[in-house]
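This is my_file_23.cif. It holds mmCIF, C-alpha atoms.
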data_coords
loop_
_atom_site.label_atom_id
_atom_site.label_comp_id
_atom_site.auth_asym_id
_atom_site.auth_seq_id
_atom_site.Cartn_x
_atom_site.Cartn_y
_atom_site.Cartn_z
CA MET D 1350 54.08 -111.78 0.77
CA ASN D 1351 57.55 -113.35 0.91
CA PHE D 1352 59.83 -110.74 2.48
CA ILE D 1353 63.58 -111.32 2.88
CA PHE D 1354 65.03 -109.08 5.57
CA PHE D 1355 68.79 -108.74 5.25
CA SER D 1356 70.71 -108.41 8.54
CA PRO D 1357 67.57 -108.65 10.70
CA HIS D 1358 69.63 -108.66 13.91
CA PHE D 1359 71.52 -105.40 13.36
CA PRO D 1360 70.90 -102.59 14.01
CA ARG D 1361 68.61 -103.23 16.95
CA ASN D 1362 65.42 -101.77 15.54
CA SER D 1363 65.52 -104.20 12.59
CA THR D 1364 63.81 -106.63 14.97
CA ASP D 1365 60.86 -104.23 15.29
CA PHE D 1366 60.46 -104.05 11.51
CA CYS D 1367 60.57 -107.85 11.22
CA SER D 1368 58.12 -108.31 14.07
CA GLN D 1369 55.57 -105.96 12.51
CA LEU D 1370 55.92 -107.59 9.08
CA HIS D 1371 55.15 -110.94 10.72
CA GLN D 1372 52.14 -109.50 12.54
CA GLN D 1373 50.80 -108.16 9.23
CA GLY D 1374 50.93 -111.67 7.77
CA ALA D 1375 54.14 -111.57 5.74
CA THR D 1376 56.43 -114.59 5.53
CA VAL D 1377 59.62 -113.05 6.94
CA LEU D 1378 62.87 -114.74 5.90
CA GLY D 1379 66.14 -113.60 7.44
CA ILE D 1380 69.70 -113.60 6.11
CA GLY D 1381 72.37 -112.73 8.65
CA ASP D 1382 75.84 -113.53 9.93
CA ALA D 1383 74.88 -114.14 13.59
CA GLU D 1384 74.22 -117.61 14.95
CA TYR D 1385 70.51 -118.35 15.19
CA ASP D 1386 70.82 -119.00 18.94
CA GLN D 1387 72.16 -115.46 19.40
CA LEU D 1388 69.03 -113.85 17.96
CA GLU D 1389 66.64 -112.34 20.48
CA ASP D 1390 63.39 -114.22 21.04
CA LYS D 1391 61.27 -111.45 19.51
CA LEU D 1392 63.18 -111.78 16.24
CA LYS D 1393 63.10 -115.59 16.26
CA SER D 1394 59.33 -115.56 16.61
CA ALA D 1395 59.02 -113.16 13.64
CA LEU D 1396 61.17 -115.20 11.24
CA THR D 1397 59.72 -118.13 9.32
CA GLU D 1398 63.27 -119.23 8.50
CA TYR D 1399 66.78 -117.88 9.00
CA TYR D 1400 69.76 -118.47 6.71
CA LYS D 1401 73.18 -117.87 8.26
CA VAL D 1402 76.04 -116.72 6.04
CA SER D 1403 79.69 -116.46 7.03
CA SER D 1404 79.92 -112.86 5.79
CA LEU D 1405 77.28 -110.29 4.84
CA GLU D 1406 79.81 -108.95 2.31
CA ASN D 1407 79.98 -112.26 0.39
CA TYR D 1408 77.63 -111.72 -2.54
CA GLY D 1409 77.89 -115.32 -3.69
CA GLU D 1410 76.60 -116.52 -0.34
CA ILE D 1411 73.74 -114.01 -0.43
CA LEU D 1412 72.80 -115.20 -3.94
CA ARG D 1413 72.68 -118.80 -2.73
CA ALA D 1414 70.57 -117.83 0.27
CA VAL D 1415 68.02 -116.00 -1.90
CA GLY D 1416 68.01 -118.90 -4.36
CA TYR D 1417 67.32 -121.31 -1.50
CA PHE D 1418 64.44 -119.19 -0.19
CA THR D 1419 63.02 -118.89 -3.71
CA HIS D 1420 63.09 -122.67 -4.09
CA GLN D 1421 61.46 -123.18 -0.69
CA TYR D 1422 58.83 -120.41 -0.71
CA GLY D 1423 58.34 -119.30 -4.31
CA LYS D 1424 58.85 -115.82 -5.76
CA ILE D 1425 60.39 -113.31 -3.37
CA ASP D 1426 58.26 -110.16 -3.20
CA ARG D 1427 60.63 -107.86 -1.31
CA PHE D 1428 64.30 -107.80 -0.32
CA GLU D 1429 65.28 -105.10 2.18
CA SER D 1430 67.85 -104.20 4.80
CA LEU D 1431 66.51 -100.66 5.44
CA ASN D 1432 70.17 -99.78 5.93
CA GLU D 1433 72.23 -97.24 3.97
CA TYR D 1434 75.32 -99.44 4.04
CA TRP D 1435 73.59 -102.26 2.12
CA LEU D 1436 71.72 -100.18 -0.49
CA GLU D 1437 73.95 -101.32 -3.36
CA GLN D 1438 73.77 -104.97 -2.39
CA ASP D 1439 70.00 -104.77 -1.87
CA ALA D 1440 69.65 -103.29 -5.37
CA ALA D 1441 71.90 -105.94 -6.91
CA ILE D 1442 69.84 -108.77 -5.41
CA ARG D 1443 66.61 -107.16 -6.59
CA THR D 1444 68.09 -106.82 -10.07
CA ASP D 1445 69.36 -110.42 -10.23
CA PHE D 1446 66.08 -111.90 -8.97
CA ASN D 1447 63.71 -109.30 -10.49
CA ILE D 1448 62.34 -108.30 -7.09
CA TYR D 1449 60.26 -105.13 -6.74
CA GLY D 1450 62.15 -102.02 -5.61
CA THR D 1451 65.20 -99.92 -6.45
CA LYS D 1452 67.50 -101.68 -8.91
CA THR D 1453 71.19 -101.31 -9.71
CA ASP D 1454 70.56 -98.83 -12.54
CA PHE D 1455 69.16 -96.25 -10.08
CA VAL D 1456 70.76 -96.92 -6.71
CA TYR D 1457 73.73 -94.58 -7.18
CA ASN D 1458 71.31 -91.68 -7.55
CA LEU D 1459 70.40 -92.40 -3.92
CA LYS D 1460 73.97 -92.90 -2.68
CA GLN D 1461 76.20 -90.54 -4.66
CA LYS D 1462 75.93 -86.97 -3.42
CA SER D 1463 76.98 -85.45 -6.75
CA LYS D 1464 74.17 -87.33 -8.54
CA MET D 1465 71.61 -86.21 -5.93
CA LYS D 1466 72.23 -82.59 -6.98
CA GLU D 1467 70.72 -83.24 -10.43
CA PHE D 1468 67.47 -84.36 -8.82
CA PHE D 1469 67.46 -81.39 -6.44
CA ARG D 1470 67.71 -79.09 -9.46
CA LYS D 1471 64.86 -80.99 -11.11
CA SER D 1472 62.79 -80.52 -7.95
CA GLY D 1473 63.26 -76.76 -8.00
CA VAL D 1474 64.69 -76.78 -4.46
CA ASN D 1475 67.85 -74.79 -3.82
CA THR D 1476 70.89 -77.00 -3.36
CA VAL D 1477 74.41 -76.64 -2.04
CA GLN D 1478 76.99 -75.56 -4.65
CA PHE D 1479 79.66 -78.20 -5.12
CA SER D 1480 82.72 -79.32 -7.06
CA THR D 1481 84.01 -82.81 -7.80
CA GLY D 1482 87.50 -81.54 -8.60
CA THR D 1483 90.24 -84.00 -7.70
CA THR D 1484 93.18 -81.60 -7.63
CA ARG D 1485 93.93 -78.30 -5.96
CA ASP D 1486 94.02 -76.46 -9.29
CA SER D 1487 90.76 -77.95 -10.54
CA VAL D 1488 88.74 -76.41 -7.69
CA GLN D 1489 90.25 -72.92 -7.89
CA ASP D 1490 87.36 -71.37 -9.84
CA PHE D 1491 84.84 -72.95 -7.49
CA ILE D 1492 86.64 -71.53 -4.45
CA ARG D 1493 86.75 -68.06 -6.02
CA SER D 1494 82.96 -68.13 -6.38
CA THR D 1495 82.12 -69.53 -2.94
CA GLY D 1496 85.00 -68.50 -0.71
CA PHE D 1497 85.86 -70.16 2.59
CA PRO D 1498 84.81 -72.02 4.65
CA LEU D 1499 84.15 -75.16 2.61
CA VAL D 1500 83.03 -78.68 3.45
CA VAL D 1501 84.69 -81.79 1.98
CA LYS D 1502 83.01 -85.19 2.18
CA PRO D 1503 83.05 -88.56 0.38
CA ASP D 1504 80.80 -88.60 -2.68
CA LEU D 1505 79.59 -92.04 -1.63
CA GLY D 1506 78.51 -92.83 1.89
CA SER D 1507 76.29 -91.63 4.71
CA GLY D 1508 76.89 -89.97 8.03
CA ALA D 1509 79.79 -87.64 8.77
CA SER D 1510 82.72 -90.01 8.29
CA MET D 1511 85.68 -88.26 6.59
CA THR D 1512 83.67 -85.02 6.44
CA TYR D 1513 85.60 -81.87 7.29
CA LYS D 1514 85.23 -78.12 7.39
CA ILE D 1515 88.01 -76.34 5.49
CA ASN D 1516 88.63 -72.79 6.71
CA ASN D 1517 91.54 -71.54 4.60
CA GLU D 1518 94.04 -72.26 1.83
CA ALA D 1519 96.45 -74.07 4.16
CA GLU D 1520 93.78 -76.50 5.35
CA LEU D 1521 92.65 -77.07 1.77
CA GLN D 1522 96.20 -77.90 0.70
CA GLN D 1523 96.60 -80.26 3.65
CA PHE D 1524 93.40 -82.03 2.61
CA PHE D 1525 94.65 -82.59 -0.96
CA ASP D 1526 98.06 -83.70 0.33
CA THR D 1527 96.65 -86.31 2.71
CA LYS D 1528 93.31 -87.48 1.26
CA PRO D 1529 93.09 -91.19 0.42
CA ASP D 1530 93.45 -91.89 -3.30
CA ASP D 1531 90.73 -94.55 -3.34
CA VAL D 1532 87.93 -92.26 -2.05
CA ALA D 1533 86.15 -89.79 -4.35
CA PHE D 1534 85.35 -86.53 -2.53
CA ILE D 1535 83.10 -83.59 -3.30
CA ILE D 1536 83.69 -80.06 -2.07
CA GLU D 1537 80.67 -78.00 -1.04
CA GLU D 1538 80.03 -74.43 0.00
CA PHE D 1539 79.55 -74.11 3.75
CA ILE D 1540 76.03 -73.19 4.81
CA ASP D 1541 75.59 -71.44 8.15
CA GLY D 1542 72.28 -72.82 9.32
CA VAL D 1543 70.33 -75.56 11.05
CA ILE D 1544 69.28 -78.88 9.58
CA LEU D 1545 65.60 -79.67 9.23
CA THR D 1546 64.68 -83.14 8.05
CA TYR D 1547 61.68 -84.43 6.14
CA ASP D 1548 61.09 -88.02 7.20
CA GLY D 1549 58.29 -90.45 6.55
CA LEU D 1550 56.66 -93.04 4.34
CA VAL D 1551 55.81 -92.91 0.63
CA ASP D 1552 53.52 -95.63 -0.76
CA ILE D 1553 53.62 -97.76 -3.91
CA GLU D 1554 51.73 -95.04 -5.84
CA GLY D 1555 54.18 -92.37 -4.73
CA ASN D 1556 51.84 -90.75 -2.21
CA VAL D 1557 53.30 -89.41 1.03
CA ARG D 1558 51.43 -91.33 3.72
CA PHE D 1559 53.10 -89.88 6.79
CA ALA D 1560 55.72 -87.16 7.32
CA VAL D 1561 57.52 -85.59 10.27
CA SER D 1562 60.45 -83.22 10.76
CA HIS D 1563 63.49 -83.18 13.05
CA LEU D 1564 65.60 -80.16 13.98
CA PHE D 1565 69.39 -80.43 14.38
CA GLU D 1566 71.04 -77.32 15.77
CA ASN D 1567 74.52 -78.78 16.28
CA SER D 1568 76.39 -80.11 13.27
CA VAL D 1569 76.85 -83.89 13.11
CA MET D 1570 80.11 -83.17 11.26
CA ASP D 1571 81.35 -81.20 14.28
CA VAL D 1572 80.05 -83.85 16.69
CA VAL D 1573 82.08 -86.53 14.93
CA ASN D 1574 85.24 -84.48 14.38
CA THR D 1575 85.37 -83.10 17.94
CA ASP D 1576 83.97 -86.23 19.66
CA ASN D 1577 81.19 -84.11 21.13
CA HIS D 1578 77.70 -85.05 22.25
CA LEU D 1579 74.65 -84.78 19.97
CA TYR D 1580 71.15 -83.47 20.46
CA TYR D 1581 68.11 -82.99 18.24
CA PHE D 1582 64.34 -82.47 18.44
CA CYS D 1583 61.45 -84.28 16.77
CA LEU D 1584 58.96 -81.53 16.05
CA LYS D 1585 55.19 -81.69 16.54
CA ASP D 1586 54.58 -80.15 13.12
CA VAL D 1587 56.21 -80.01 9.70
CA SER D 1588 56.69 -76.43 8.51
CA PRO D 1589 55.04 -75.60 5.15
CA GLU D 1590 58.43 -74.76 3.57
CA VAL D 1591 59.92 -78.13 4.60
CA GLU D 1592 56.77 -79.96 3.44
CA LEU D 1593 56.90 -78.27 0.02
CA ALA D 1594 60.62 -78.90 -0.49
CA GLY D 1595 60.38 -82.51 0.73
CA ARG D 1596 57.45 -83.40 -1.52
CA ASN D 1597 59.09 -81.81 -4.56
CA ILE D 1598 62.29 -83.77 -3.94
CA LEU D 1599 60.38 -87.06 -3.55
CA LYS D 1600 58.55 -86.34 -6.82
CA ALA D 1601 61.85 -85.65 -8.61
CA PHE D 1602 63.35 -88.95 -7.43
CA ASP D 1603 60.07 -90.80 -8.17
CA ILE D 1604 60.57 -93.00 -5.11
CA LYS D 1605 57.90 -95.58 -4.24
CA GLU D 1606 57.08 -97.68 -1.18
CA ARG D 1607 59.93 -96.58 1.03
CA PHE D 1608 60.93 -94.75 4.12
CA PHE D 1609 62.57 -91.45 3.29
CA HIS D 1610 64.96 -89.21 5.24
CA ILE D 1611 65.70 -85.91 3.51
CA GLU D 1612 68.13 -83.41 5.02
CA LEU D 1613 67.61 -79.71 4.37
CA PHE D 1614 69.49 -76.64 5.55
CA LYS D 1615 67.63 -73.57 6.73
CA SER D 1616 70.08 -70.74 6.18
CA ASN D 1617 70.69 -68.42 9.13
CA LYS D 1618 71.61 -65.70 6.66
CA ASP D 1619 68.45 -65.47 4.57
CA GLY D 1620 66.07 -68.23 5.75
CA ARG D 1621 66.30 -70.21 2.49
CA ILE D 1622 65.60 -73.94 2.48
CA ILE D 1623 68.56 -75.67 0.78
CA ALA D 1624 68.65 -79.39 -0.09
CA LEU D 1625 71.60 -81.24 1.43
CA GLU D 1626 71.07 -84.96 0.75
CA VAL D 1627 68.53 -87.76 0.61
CA ASN D 1628 68.53 -91.13 2.32
CA MET D 1629 65.81 -93.51 1.16
CA ARG D 1630 65.72 -95.48 4.40
CA PRO D 1631 64.45 -94.97 7.94
CA PRO D 1632 66.22 -92.12 9.73
CA GLY D 1633 68.91 -93.22 12.19
CA ALA D 1634 69.93 -92.04 15.66
CA TRP D 1635 66.71 -93.32 17.25
CA MET D 1636 64.58 -91.00 15.11
CA THR D 1637 62.03 -93.73 14.36
CA ASP D 1638 61.46 -93.99 18.11
CA ALA D 1639 61.34 -90.20 18.42
CA ILE D 1640 58.54 -90.22 15.82
CA ASN D 1641 56.64 -92.78 17.88
CA PHE D 1642 57.01 -90.74 21.06
CA SER D 1643 55.99 -87.46 19.40
CA TYR D 1644 52.99 -88.80 17.53
CA ASP D 1645 51.92 -91.69 19.81
CA VAL D 1646 52.21 -94.00 16.81
CA ASP D 1647 54.09 -97.20 15.95
CA VAL D 1648 55.93 -96.26 12.76
CA TYR D 1649 57.28 -99.83 12.45
CA ARG D 1650 53.69 -101.08 12.28
CA GLU D 1651 52.57 -98.36 9.87
CA TRP D 1652 55.45 -99.18 7.51
CA ALA D 1653 54.57 -102.89 7.61
CA ARG D 1654 50.88 -102.15 6.97
CA MET D 1655 51.83 -100.02 3.99
CA VAL D 1656 54.19 -102.61 2.50
CA VAL D 1657 52.10 -105.73 3.09
CA HIS D 1658 48.57 -104.38 2.56
CA ASN D 1659 49.04 -100.87 1.06
CA GLU D 1660 46.66 -99.74 3.79
CA ALA D 1661 45.83 -96.09 4.35
CA LEU D 1662 47.66 -94.62 7.31
CA GLY D 1663 46.68 -92.00 9.85
CA PRO D 1664 45.72 -89.28 10.14
CA PHE D 1665 48.48 -88.62 12.68
CA GLU D 1666 48.81 -85.58 14.91
CA GLY D 1667 51.96 -84.45 16.65
CA LYS D 1668 51.35 -84.26 20.40
CA TYR D 1669 54.85 -83.76 21.84
CA TYR D 1670 58.29 -82.44 21.09
CA THR D 1671 60.71 -85.31 21.64
CA GLY D 1672 64.32 -84.53 22.46
CA TYR D 1673 67.42 -86.68 22.09
CA ALA D 1674 70.52 -85.94 24.16
CA SER D 1675 73.60 -88.14 24.10
CA ARG D 1676 76.56 -88.38 26.45
CA LYS D 1677 80.19 -89.27 25.79
CA GLN D 1678 82.22 -91.40 28.19
CA HIS D 1679 85.23 -89.09 28.07
CA LYS D 1680 83.24 -86.04 29.23
CA HIS D 1681 82.58 -85.04 32.86
CA TYR D 1682 78.98 -84.01 33.40
CA SER D 1683 77.52 -81.87 36.18
CA HIS D 1684 74.51 -84.11 36.75
CA SER D 1685 74.45 -87.85 37.37
CA HIS D 1686 72.11 -90.34 35.78
CA GLU D 1687 70.22 -90.42 39.09
CA ASP D 1688 70.01 -86.60 39.14
CA ILE D 1689 68.51 -86.61 35.66
CA TYR D 1690 65.80 -89.10 36.62
CA ARG D 1691 65.04 -87.26 39.87
CA MET D 1692 64.66 -83.99 37.97
CA TYR D 1693 62.95 -85.14 34.77
CA GLY D 1694 61.92 -88.77 35.24
CA ASP D 1695 58.29 -88.04 34.37
CA LYS D 1696 59.36 -86.77 30.92
CA ILE D 1697 62.02 -89.36 30.05
CA VAL D 1698 60.70 -92.04 27.67
CA ASN D 1699 63.91 -93.90 26.78
CA TYR D 1700 67.46 -94.39 27.99
CA ALA D 1701 70.01 -96.89 26.64
CA GLY D 1702 73.61 -97.47 25.71
CA ILE D 1703 74.58 -97.19 22.04
CA GLU D 1704 76.39 -99.76 19.89
CA GLU D 1705 80.08 -98.91 19.58
CA VAL D 1706 79.93 -98.63 15.78
CA PHE D 1707 77.48 -95.71 16.08
CA SER D 1708 78.95 -94.04 19.17
CA ARG D 1709 81.17 -91.43 17.50
CA ALA D 1710 78.09 -89.64 16.13
CA MET D 1711 75.33 -90.82 18.46
CA GLY D 1712 77.17 -90.90 21.80
CA ASN D 1713 77.94 -93.75 24.19
CA SER D 1714 74.50 -93.47 25.78
CA ALA D 1715 71.46 -91.30 25.21
CA TYR D 1716 68.18 -90.13 26.67
CA GLN D 1717 64.89 -89.41 24.93
CA PHE D 1718 62.26 -87.23 26.58
CA ARG D 1719 59.13 -85.41 25.53
CA SER D 1720 56.95 -82.44 26.41
CA ALA D 1721 54.23 -80.43 24.74
CA ASP D 1722 56.50 -77.39 25.24
CA LEU D 1723 59.72 -77.14 23.20
CA ALA D 1724 61.28 -74.92 25.90
CA ASP D 1725 60.94 -77.78 28.40
CA VAL D 1726 62.72 -80.15 26.04
CA ARG D 1727 65.54 -77.64 25.51
CA ASP D 1728 65.96 -77.31 29.28
CA ILE D 1729 66.32 -81.09 29.60
CA VAL D 1730 69.00 -81.17 26.87
CA ASN D 1731 70.95 -78.47 28.68
CA TYR D 1732 70.64 -80.26 32.02
CA ILE D 1733 71.77 -83.64 30.63
CA GLN D 1734 74.70 -82.23 28.66
CA GLN D 1735 75.92 -79.60 31.14
CA GLU D 1736 79.62 -80.22 31.77
CA GLU D 1737 81.62 -79.60 34.93
CA GLY D 1738 83.81 -76.54 35.13
#
Show me, as structure tokens, the structure contained in the file I just sent.
Amino acid sequence: MNFIFFSPHFPRNSTDFCSQLHQQGATVLGIGDAEYDQLEDKLKSALTEYYKVSSLENYGEILRAVGYFTHQYGKIDRFESLNEYWLEQDAAIRTDFNIYGTKTDFVYNLKQKSKMKEFFRKSGVNTVQFSTGTTRDSVQDFIRSTGFPLVVKPDLGSGASMTYKINNEAELQQFFDTKPDDVAFIIEEFIDGVILTYDGLVDIEGNVRFAVSHLFENSVMDVVNTDNHLYYFCLKDVSPEVELAGRNILKAFDIKERFFHIELFKSNKDGRIIALEVNMRPPGAWMTDAINFSYDVDVYREWARMVVHNEALGPFEGKYYTGYASRKQHKHYSHSHEDIYRMYGDKIVNYAGIEEVFSRAMGNSAYQFRSADLADVRDIVNYIQQEEG
């Protein structure tokens, strides 16, 4: 298998995906904007060849790179970045070179939140009510039916960038007065609840090979807008209601041979599961590593086995709850890094700084830790994130 990995050097865990592809026998070809000498040794050893471009945004350069690899190695079997930001470009390359995978005619269904809603309806899963109105007057009927608060967010894009909670008419008017003209927004009803994810691997026949669930109790939107710290839990088990909703959504999208990351609300008001959005890529914020720690598995390897050989995976059993707790540089915490390791060192499985581009949502540094008891993991979150005063 000839596999082109786009931007293999960033983010960091791209190296793990490339390394496992190589170990499964794939010819791994990299296209990136870093100098070859700057690549870490693990990545260099995984790549058969590396093509440096001056800009990852220059489509002409990417076309030439893929053409060169095609000439050198024959037909390209896969082209992937596994990164939300590059989904459109990945699809365009696959379309232009007739490479297996999502093409340009479908990719906006995976990126545009308003288009996702059609597939949620098809799946039978409840979804968040929304409006794509571009003026204050055009959303009046929608607001009468939902009331405040509301959430506004870009129709295209991932994460919580330019996502805001609107509490009243004055804030809504301020949003319309100041929103950028070149960004299309959608307005959604606000759901009071927690986020449960459905994450995993779906094979080339559309079968779910492996699935897990993460619980987010603090809103990523609030984390970004207030520059707060983030925490979440990788759960040992997937609840039946999340499993059912997740599988129905995957069937509606008819997605094949991909990672998936589906975000669902569980309403605090009535317990309903409500579809929020889909991301057909590995989950971010170290969740792939959280999966590994909770299930004692190497999800990078299992993905590579599925892609290269279509091998059966598992069965996998959740053994631990894995917590993630970030810290922000501007905050003053009660407990030092040394205190944390003295208190919980036997449960901590990972600690590292976070790339600046991800720090607003993910923190400047973060800890991962695990226990068979969710209460233990909650205690560790509270200890790490306890602030002075």
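If all atoms listed in the file are the atoms counted, then among D:Leu1388, D:Val1500, D:Ile1442, D:Ile1380 the closest residue to D:Ser1404 is D:Ile1380.
Residue selection for this entry, given the PyMOL selection byres ((chain D and resi 1399) around 9), comprises Val1377, Leu1378, Gly1379, Ile1380, Gly1381, Tyr1385, Lys1393, Leu1396, Thr1397, Glu1398, Tyr1400 and Lys1401 of chain D.
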What would the selection look like, as an mmCIF file with C-alpha atoms, keeping the file's coordinate frame, if the PyMOL selection byres ((chain D and resi 1539) around 12) were run on the coordinates I just shared?
data_model
loop_
_atom_site.group_PDB
_atom_site.id
_atom_site.type_symbol
_atom_site.label_atom_id
_atom_site.label_comp_id
_atom_site.auth_asym_id
_atom_site.auth_seq_id
_atom_site.Cartn_x
_atom_site.Cartn_y
_atom_site.Cartn_z
ATOM 1 C CA THR D 1476 70.890 -77.000 -3.360
ATOM 2 C CA VAL D 1477 74.410 -76.640 -2.040
ATOM 3 C CA GLN D 1478 76.990 -75.560 -4.650
ATOM 4 C CA PHE D 1479 79.660 -78.200 -5.120
ATOM 5 C CA ILE D 1492 86.640 -71.530 -4.450
ATOM 6 C CA THR D 1495 82.120 -69.530 -2.940
ATOM 7 C CA GLY D 1496 85.000 -68.500 -0.710
ATOM 8 C CA PHE D 1497 85.860 -70.160 2.590
ATOM 9 C CA PRO D 1498 84.810 -72.020 4.650
ATOM 10 C CA LEU D 1499 84.150 -75.160 2.610
ATOM 11 C CA VAL D 1500 83.030 -78.680 3.450
ATOM 12 C CA VAL D 1501 84.690 -81.790 1.980
ATOM 13 C CA LYS D 1502 83.010 -85.190 2.180
ATOM 14 C CA THR D 1512 83.670 -85.020 6.440
ATOM 15 C CA TYR D 1513 85.600 -81.870 7.290
ATOM 16 C CA LYS D 1514 85.230 -78.120 7.390
ATOM 17 C CA ILE D 1515 88.010 -76.340 5.490
ATOM 18 C CA ASN D 1516 88.630 -72.790 6.710
ATOM 19 C CA ILE D 1536 83.690 -80.060 -2.070
ATOM 20 C CA GLU D 1537 80.670 -78.000 -1.040
ATOM 21 C CA GLU D 1538 80.030 -74.430 0.000
ATOM 22 C CA ILE D 1540 76.030 -73.190 4.810
ATOM 23 C CA ASP D 1541 75.590 -71.440 8.150
ATOM 24 C CA GLY D 1542 72.280 -72.820 9.320
ATOM 25 C CA VAL D 1543 70.330 -75.560 11.050
ATOM 26 C CA SER D 1568 76.390 -80.110 13.270
ATOM 27 C CA MET D 1570 80.110 -83.170 11.260
ATOM 28 C CA PHE D 1614 69.490 -76.640 5.550
ATOM 29 C CA SER D 1616 70.080 -70.740 6.180
ATOM 30 C CA ASN D 1617 70.690 -68.420 9.130
ATOM 31 C CA LYS D 1618 71.610 -65.700 6.660
ATOM 32 C CA ILE D 1623 68.560 -75.670 0.780
ATOM 33 C CA LEU D 1625 71.600 -81.240 1.430
#
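Of the listed residues (D:Ala1594, D:Arg1630, D:Lys1585, D:Leu1662), D:Lys1585 comes nearest to D:Arg1719; the distances count all atoms listed in the file.
Distances from D:Tyr1644, D:Tyr1682, D:Phe1602, D:Phe1707 to D:Lys1471 were compared using only C-alpha atoms, and the smallest one belongs to D:Phe1602.
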Excluding stretch 1649-1661 of chain D and residues on its chain fewer than 3 positions from it, collect all residues at most 10 Å away from it, counting all atoms listed in the file, and give them as number ranges by chain. D: 1350-1352, 1362-1375, 1426-1427, 1549-1554, 1558-1559, 1606-1608, 1631, 1637-1638, 1641, 1646, 1664
Selection to disk with C-alpha atoms, as a CSV table (one decimal), keeping the file's coordinate frame:
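Heads up, here's the output in selection_39.csv:
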chain,number,residue,atom,x,y,z
D,1350,MET,CA,54.1,-111.8,0.8
D,1351,ASN,CA,57.6,-113.4,0.9
D,1352,PHE,CA,59.8,-110.7,2.5
D,1362,ASN,CA,65.4,-101.8,15.5
D,1363,SER,CA,65.5,-104.2,12.6
D,1364,THR,CA,63.8,-106.6,15.0
D,1365,ASP,CA,60.9,-104.2,15.3
D,1366,PHE,CA,60.5,-104.0,11.5
D,1367,CYS,CA,60.6,-107.8,11.2
D,1368,SER,CA,58.1,-108.3,14.1
D,1369,GLN,CA,55.6,-106.0,12.5
D,1370,LEU,CA,55.9,-107.6,9.1
D,1371,HIS,CA,55.2,-110.9,10.7
D,1372,GLN,CA,52.1,-109.5,12.5
D,1373,GLN,CA,50.8,-108.2,9.2
D,1374,GLY,CA,50.9,-111.7,7.8
D,1375,ALA,CA,54.1,-111.6,5.7
D,1426,ASP,CA,58.3,-110.2,-3.2
D,1427,ARG,CA,60.6,-107.9,-1.3
D,1549,GLY,CA,58.3,-90.4,6.6
D,1550,LEU,CA,56.7,-93.0,4.3
D,1551,VAL,CA,55.8,-92.9,0.6
D,1552,ASP,CA,53.5,-95.6,-0.8
D,1553,ILE,CA,53.6,-97.8,-3.9
D,1554,GLU,CA,51.7,-95.0,-5.8
D,1558,ARG,CA,51.4,-91.3,3.7
D,1559,PHE,CA,53.1,-89.9,6.8
D,1606,GLU,CA,57.1,-97.7,-1.2
D,1607,ARG,CA,59.9,-96.6,1.0
D,1608,PHE,CA,60.9,-94.8,4.1
D,1631,PRO,CA,64.4,-95.0,7.9
D,1637,THR,CA,62.0,-93.7,14.4
D,1638,ASP,CA,61.5,-94.0,18.1
D,1641,ASN,CA,56.6,-92.8,17.9
D,1646,VAL,CA,52.2,-94.0,16.8
D,1664,PRO,CA,45.7,-89.3,10.1
Atom pair atom CA of D:Leu1723 / atom CA of D:Cys1583: separation (Å): 9.8 Å
Could you list, as a PyMOL selection string, every residue matched by the PyMOL selection byres ((chain D and resi 1403) around 10) in this structure? chain D and resi 1381-1384+1401-1402+1404-1407+1410-1411
Please write the residues from the selection above to a file, keeping C-alpha atoms, as a short mmCIF file (atom, residue, chain, number, x, y, z; two decimals), keeping the file's coordinate frame.
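What landed in part33.cif:
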data_model
loop_
_atom_site.label_atom_id
_atom_site.label_comp_id
_atom_site.auth_asym_id
_atom_site.auth_seq_id
_atom_site.Cartn_x
_atom_site.Cartn_y
_atom_site.Cartn_z
CA GLY D 1381 72.37 -112.73 8.65
CA ASP D 1382 75.84 -113.53 9.93
CA ALA D 1383 74.88 -114.14 13.59
CA GLU D 1384 74.22 -117.61 14.95
CA LYS D 1401 73.18 -117.87 8.26
CA VAL D 1402 76.04 -116.72 6.04
CA SER D 1404 79.92 -112.86 5.79
CA LEU D 1405 77.28 -110.29 4.84
CA GLU D 1406 79.81 -108.95 2.31
CA ASN D 1407 79.98 -112.26 0.39
CA GLU D 1410 76.60 -116.52 -0.34
CA ILE D 1411 73.74 -114.01 -0.43
#
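The coordinates place atom CA of D:Val1569 at 26.6 Å from atom CA of D:Asp1439.
For the choices D:His1578, D:Val1627, D:Ala1639, D:Glu1433, the atom-to-atom distance to D:Phe1469 is smallest for D:Val1627 when using all atoms listed in the file.
Note that atom CA of D:Tyr1408 and atom CA of D:Ala1441 are 9.2 Å apart.
Counting all atoms listed in the file, the residue from D:Lys1460, D:Lys1466, D:Arg1413, D:Lys1696 that sits nearest to D:Ala1601 is D:Lys1466.
Minimum atom-to-atom distances from D:Asp1454, D:Glu1566, D:Glu1736, D:Asp1722 to D:Lys1677 were compared using all atoms listed in the file, and the lowest value belongs to D:Glu1736.
Near D:Ser1463, within 9 Å and counting all atoms listed in the file, sit Phe1479, Ser1480, Thr1481, Asp1504, Leu1505 and Ile1535 of chain D; same-chain residues fewer than 6 positions away were not included.
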Would you export the selected residues with C-alpha atoms as a JSON list (two decimals), keeping the file's coordinate frame, please?
[["chain", "number", "residue", "atom", "x", "y", "z"],
["D", 1479, "PHE", "CA", 79.66, -78.20, -5.12],
["D", 1480, "SER", "CA", 82.72, -79.32, -7.06],
["D", 1481, "THR", "CA", 84.01, -82.81, -7.80],
["D", 1504, "ASP", "CA", 80.80, -88.60, -2.68],
["D", 1505, "LEU", "CA", 79.59, -92.04, -1.63],
["D", 1535, "ILE", "CA", 83.10, -83.59, -3.30]]
